[in-house]
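Participant: Let me begin by handing over the structure; questions about it come next.
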2 protein chains.
Amino acid sequence: MSTAAQTRQARIKQRSAERRERSRQETRQAILEAATRMFEREGYEGFSLRQVAENIGYTPTTIYLYFKDKNDLLFAVCSQGFAEFNQALQTAYATHSDPLERLQALGRAYLEFGLSRPLHYQMMFMQRSEWVLKTTQTKGDVEGSNAYIIQMNAVIEAMKAGIIRMGDPIETTNLIWSGIHGIVSLALSMKGIVPKWEEAEVRRLVEDYLKLIQRGLSP
Amino acid sequence: MSTAAQTRQARIKQRSAERRERSRQETRQAILEAATRMFEREGYEGFSLRQVAENIGYTPTTIYLYFKDKNDLLFAVCSQGFAEFNQALQTAYATHSDPLERLQALGRAYLEFGLSRPLHYQMMFMQRSEWVLKTTQTKGDVEGSNAYIIQMNAVIEAMKAGIIRMGDPIETTNLIWSGIHGIVSLALSMKGIVPKWEEAEVRRLVEDYLKLIQRGLSP
DNA sequence: TGACAAAAATAACACTGTAAAGTACATTGA
DNA sequence: TCAATGTACTTTACAGTGTTATTTTTGTCA
């Protein structure tokens with residue numbers, strides 16, 4: 001009986017801990033969502049811890065119970081977008097089997113992500129580029145879901161298929177990646193500022209670029 | 001005699017005004033130089049008006065007598081670097097007459113500027129891209145010293161010379177420019193963070209890219 | 001020398017991120 | 001049921017930031 005009582009108490013204790021943990025994750029999530037909204041509305045410069053706290057009825061210091069500091073919160077926000085990015089490339093890779101089409105689909109998916117999540121893209125590849133390492137290291141996605149690895153695999157397969165000439169995979173991947181990144185980042189930077197950088201033109205630019213590498217890197 | 005006295009007085013008054021104006025420009029220049037030092041030391045994030053003022057023994061508010069606000073001062077700082085950029089491309093253009101060599105020299109000059117003035121490059125093309133318009137409009141350099149125009153001219157000449165295929169000059173320039181910018185911006189972002197992005201590798205990447213466009217855009 | 005204008009400094013406001021200390025409350029064990 | 005404990009949260013405070021309005025100093029001119 002005493003053992004039964006003990007185990008019941010133990011069960012209650014465990015449930016209680018679970019419930020508390022769940023509640024904790026919920027408020028963490030609430031903060032994260034409020035932060036995401038604020039980030040998408042105000043951008044990097046206008047992103048303020050105190051305003052995030054105010055929006056969900058907390059005191060600024062409460063956030064520090066769930067995130068190390070402002071940077072940590074912002075990283076958590078962008079990390080979500082980055083997971084989407086990896087998955088977008090993963091999908092593009094998986095839905096094509098032909099090496100050339102894969103390479104092209106990857107390029108287009110890359111662009112579309114940048115256009116649909118400009119703030120996340122800018123943070124990850126232009127403002128806080130040290131985070132790209134952080135994500136690949138934190139998650140255990142080195143073996144396939146990592147965007148860079150996916151691109152490199154596509155490059156290697158294109159080489160094997162005789163679509164692009166053989167060469168150092170990393171260097172070739174970097175070369176191709178640079179071009180796409182250049183288009184995307186300039187698109188985000190110049191959109192609405194300089195003519196000829198609206199979405200339609202940028203998509204055409206990517207198509208041109210895909211043809212360029214196909215022709216310029218052919219064996 | 002009274003007229004002679006008046007003209008002398010007028011001359012003195014004018015000299016005085018000149019002297020005052022000169023003094024004014026000197027302190028403006030002092031602020032600008034202190035700001036430049038601080039920017040190169042602390043970067044964009046750590047750039048503080050109050051520290052700039054402190055460094056040259058002024059009160060923060062004094063800066064507002066010479067610059068509209070922080071943004072204006074920062075723009076003035078970057079504007080200098082941008083002038084160097086335009087001149088670097090101008091020199092690269094002028095020191096080569098062969099269209100292909102010109103194109104290559106421009107690409108290399110572009111890279112070298114990014115590597116030698118990373119902070120300025122990042123501000124102008126990654127962080128405060130709206131400034132590229134401001135400079136081209138402020139200065140009267142639309143007719144030749146503007147970096148973009150120089151590049152486009154080189155592209156047009158390369159087309160005429162049969163080095164790259166005919167096509168819309170702006171689109172082609174944007175395509176080529178994107179690639180170089182992609183390499184340079186990734187180099188600045190990834191240097192010291194991700195392997196294979198140190199200076200030597202980046203230079204090789206640019207060389208590869210130059211070959212790529214030569215081969216991929218050939219008529 | 002005294003009036004005037006320009007230059008610089010003070011004081012203040014509304015923010016920011018962050019650390020230390022304090023409080024209210026739910027959970028636990030006797 | 002009651003005191004002890006630990007968790008979630010707030011209060012308070014500090015050292016910064018950019019920026020504005022006001023006041024003081026300084027130099028120039030008649």
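Each chain of the structure tokens is named A, B, ... in the order shown, its residues numbered from 1; ligands are numbered from 1 in display order.
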With a cut-off of 9 Å, could you pull out the residues of chain B touching chain C and give me the nearest pair of atoms for each, distance in Å to one decimal, using only C-alpha atoms (C1' of nucleotides), ordered by chain and ascending number, as a Markdown table?
Facilitator:
| residue | atom | partner | partner_atom | distance |
| --- | --- | --- | --- | --- |
| B:Tyr58 | CA | C:DA8 | C1' | 8.1 |
| B:Thr59 | CA | C:DA9 | C1' | 6.8 |
| B:Thr61 | CA | C:DA9 | C1' | 8.4 |
| B:Thr62 | CA | C:DA8 | C1' | 6.4 |
| B:Leu65 | CA | C:DA7 | C1' | 8.7 |
Participant: Kindly determine which residues of chain B lie within 8 Å of chain D, considering only C-alpha atoms (C1' of nucleotides), and give the answer as a PyMOL selection string.
Facilitator: chain B and resi 48-49+70
Participant: Show me, as CSV, the residues of chain A having an atom within 9 Å of chain B, each with the closest atom pair and its distance in Å, using only C-alpha atoms.
Facilitator:
residue,atom,partner,partner_atom,distance
A:Gln122,CA,B:Met126,CA,8.6
A:Phe125,CA,B:Ser189,CA,7.2
A:Met126,CA,B:Ser189,CA,6.5
A:Gln127,CA,B:Gln127,CA,7.8
A:Arg128,CA,B:Ser189,CA,8.1
A:Ser129,CA,B:Ser189,CA,5.7
A:Glu130,CA,B:Ile193,CA,6.2
A:Val132,CA,B:Val194,CA,8.9
A:Leu133,CA,B:Val194,CA,7.5
A:Ile170,CA,B:Lys196,CA,8.2
A:Glu171,CA,B:Leu205,CA,7.4
A:Thr172,CA,B:Leu205,CA,8.8
A:Asn174,CA,B:Leu205,CA,8.0
A:Leu175,CA,B:Leu205,CA,6.4
A:Ile176,CA,B:Gly179,CA,8.8
A:Trp177,CA,B:Gly182,CA,8.2
A:Ser178,CA,B:Gly182,CA,4.6
A:Gly179,CA,B:Gly179,CA,4.3
A:Ile180,CA,B:Gly182,CA,7.3
A:His181,CA,B:Gly182,CA,5.5
A:Gly182,CA,B:Gly182,CA,3.5
A:Ile183,CA,B:Ser178,CA,5.1
A:Val184,CA,B:Ser178,CA,8.6
A:Ser185,CA,B:Met126,CA,7.7
A:Leu186,CA,B:Ser178,CA,7.0
A:Ser189,CA,B:Ser129,CA,5.7
A:Met190,CA,B:Ser129,CA,6.6
A:Ile193,CA,B:Glu130,CA,6.2
A:Val194,CA,B:Leu133,CA,7.4
A:Lys196,CA,B:Glu171,CA,8.0
A:Glu201,CA,B:Glu171,CA,8.6
A:Leu205,CA,B:Leu175,CA,6.4
A:Val206,CA,B:Leu175,CA,8.5
A:Asp208,CA,B:Leu175,CA,7.8
A:Tyr209,CA,B:Leu175,CA,7.0
A:Lys211,CA,B:Gly216,CA,8.0
A:Leu212,CA,B:Gly216,CA,5.0
A:Ile213,CA,B:Gly216,CA,6.6
A:Gln214,CA,B:Gly216,CA,7.7
A:Arg215,CA,B:Gly216,CA,4.9
A:Gly216,CA,B:Gly216,CA,3.6
A:Leu217,CA,B:Leu212,CA,6.7
A:Ser218,CA,B:Gly216,CA,8.9
Participant: Hey, can you spit out that residue selection with C-alpha atoms as a PDB file, in the first residue's frame?
Facilitator:
ATOM      1  CA  GLN A 122      19.060  38.551 -45.355  1.00  0.00           C
ATOM      2  CA  PHE A 125      23.269  35.062 -45.627  1.00  0.00           C
ATOM      3  CA  MET A 126      23.933  38.752 -45.414  1.00  0.00           C
ATOM      4  CA  GLN A 127      23.703  40.051 -41.865  1.00  0.00           C
ATOM      5  CA  ARG A 128      24.368  37.189 -39.483  1.00  0.00           C
ATOM      6  CA  SER A 129      26.166  34.745 -41.691  1.00  0.00           C
ATOM      7  CA  GLU A 130      27.864  33.085 -38.739  1.00  0.00           C
ATOM      8  CA  VAL A 132      24.686  29.217 -41.008  1.00  0.00           C
ATOM      9  CA  LEU A 133      27.273  27.242 -39.079  1.00  0.00           C
ATOM     10  CA  ILE A 170      33.194  22.154 -53.278  1.00  0.00           C
ATOM     11  CA  GLU A 171      34.697  24.724 -55.583  1.00  0.00           C
ATOM     12  CA  THR A 172      32.120  24.070 -58.245  1.00  0.00           C
ATOM     13  CA  ASN A 174      30.621  27.462 -54.357  1.00  0.00           C
ATOM     14  CA  LEU A 175      30.840  28.873 -57.858  1.00  0.00           C
ATOM     15  CA  ILE A 176      27.274  27.980 -58.728  1.00  0.00           C
ATOM     16  CA  TRP A 177      25.964  28.928 -55.320  1.00  0.00           C
ATOM     17  CA  SER A 178      27.671  32.337 -55.528  1.00  0.00           C
ATOM     18  CA  GLY A 179      25.844  33.171 -58.690  1.00  0.00           C
ATOM     19  CA  ILE A 180      22.435  32.308 -57.347  1.00  0.00           C
ATOM     20  CA  HIS A 181      23.145  34.031 -54.088  1.00  0.00           C
ATOM     21  CA  GLY A 182      24.322  37.091 -55.959  1.00  0.00           C
ATOM     22  CA  ILE A 183      21.095  37.324 -57.882  1.00  0.00           C
ATOM     23  CA  VAL A 184      18.912  36.700 -54.854  1.00  0.00           C
ATOM     24  CA  SER A 185      20.746  39.072 -52.560  1.00  0.00           C
ATOM     25  CA  LEU A 186      20.855  41.823 -55.150  1.00  0.00           C
ATOM     26  CA  SER A 189      18.670  44.741 -51.896  1.00  0.00           C
ATOM     27  CA  MET A 190      17.640  46.488 -55.072  1.00  0.00           C
ATOM     28  CA  ILE A 193      15.145  50.960 -55.443  1.00  0.00           C
ATOM     29  CA  VAL A 194      16.774  50.256 -58.767  1.00  0.00           C
ATOM     30  CA  LYS A 196      15.060  46.033 -63.575  1.00  0.00           C
ATOM     31  CA  GLU A 201      13.048  40.280 -64.085  1.00  0.00           C
ATOM     32  CA  LEU A 205      17.804  36.461 -64.560  1.00  0.00           C
ATOM     33  CA  VAL A 206      17.898  33.152 -62.714  1.00  0.00           C
ATOM     34  CA  ASP A 208      19.538  33.039 -67.776  1.00  0.00           C
ATOM     35  CA  TYR A 209      22.003  32.102 -65.100  1.00  0.00           C
ATOM     36  CA  LYS A 211      21.552  28.418 -68.899  1.00  0.00           C
ATOM     37  CA  LEU A 212      24.861  30.148 -68.351  1.00  0.00           C
ATOM     38  CA  ILE A 213      26.214  27.491 -66.040  1.00  0.00           C
ATOM     39  CA  GLN A 214      24.842  24.712 -68.212  1.00  0.00           C
ATOM     40  CA  ARG A 215      26.694  26.117 -71.197  1.00  0.00           C
ATOM     41  CA  GLY A 216      29.738  27.436 -69.410  1.00  0.00           C
ATOM     42  CA  LEU A 217      30.383  24.376 -67.286  1.00  0.00           C
ATOM     43  CA  SER A 218      29.552  21.735 -69.874  1.00  0.00           C
TER      44      SER A 218
END
Participant: Among segment 161-190 of chain A, which residues carry a DSSP assignment of alpha helix (DSSP H), reported as a PyMOL selection string?
Facilitator: chain A and resi 169-190
Participant: May I ask which of the residues A:Leu115, A:Ala30, A:Met159, A:Ala154 is the closest one to His96 of chain A, counting only C-alpha atoms?
Facilitator: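 Of A:Leu115, A:Ala30, A:Met159, A:Ala154, the one nearest His96 of chain A is A:Ala154, counting only C-alpha atoms.
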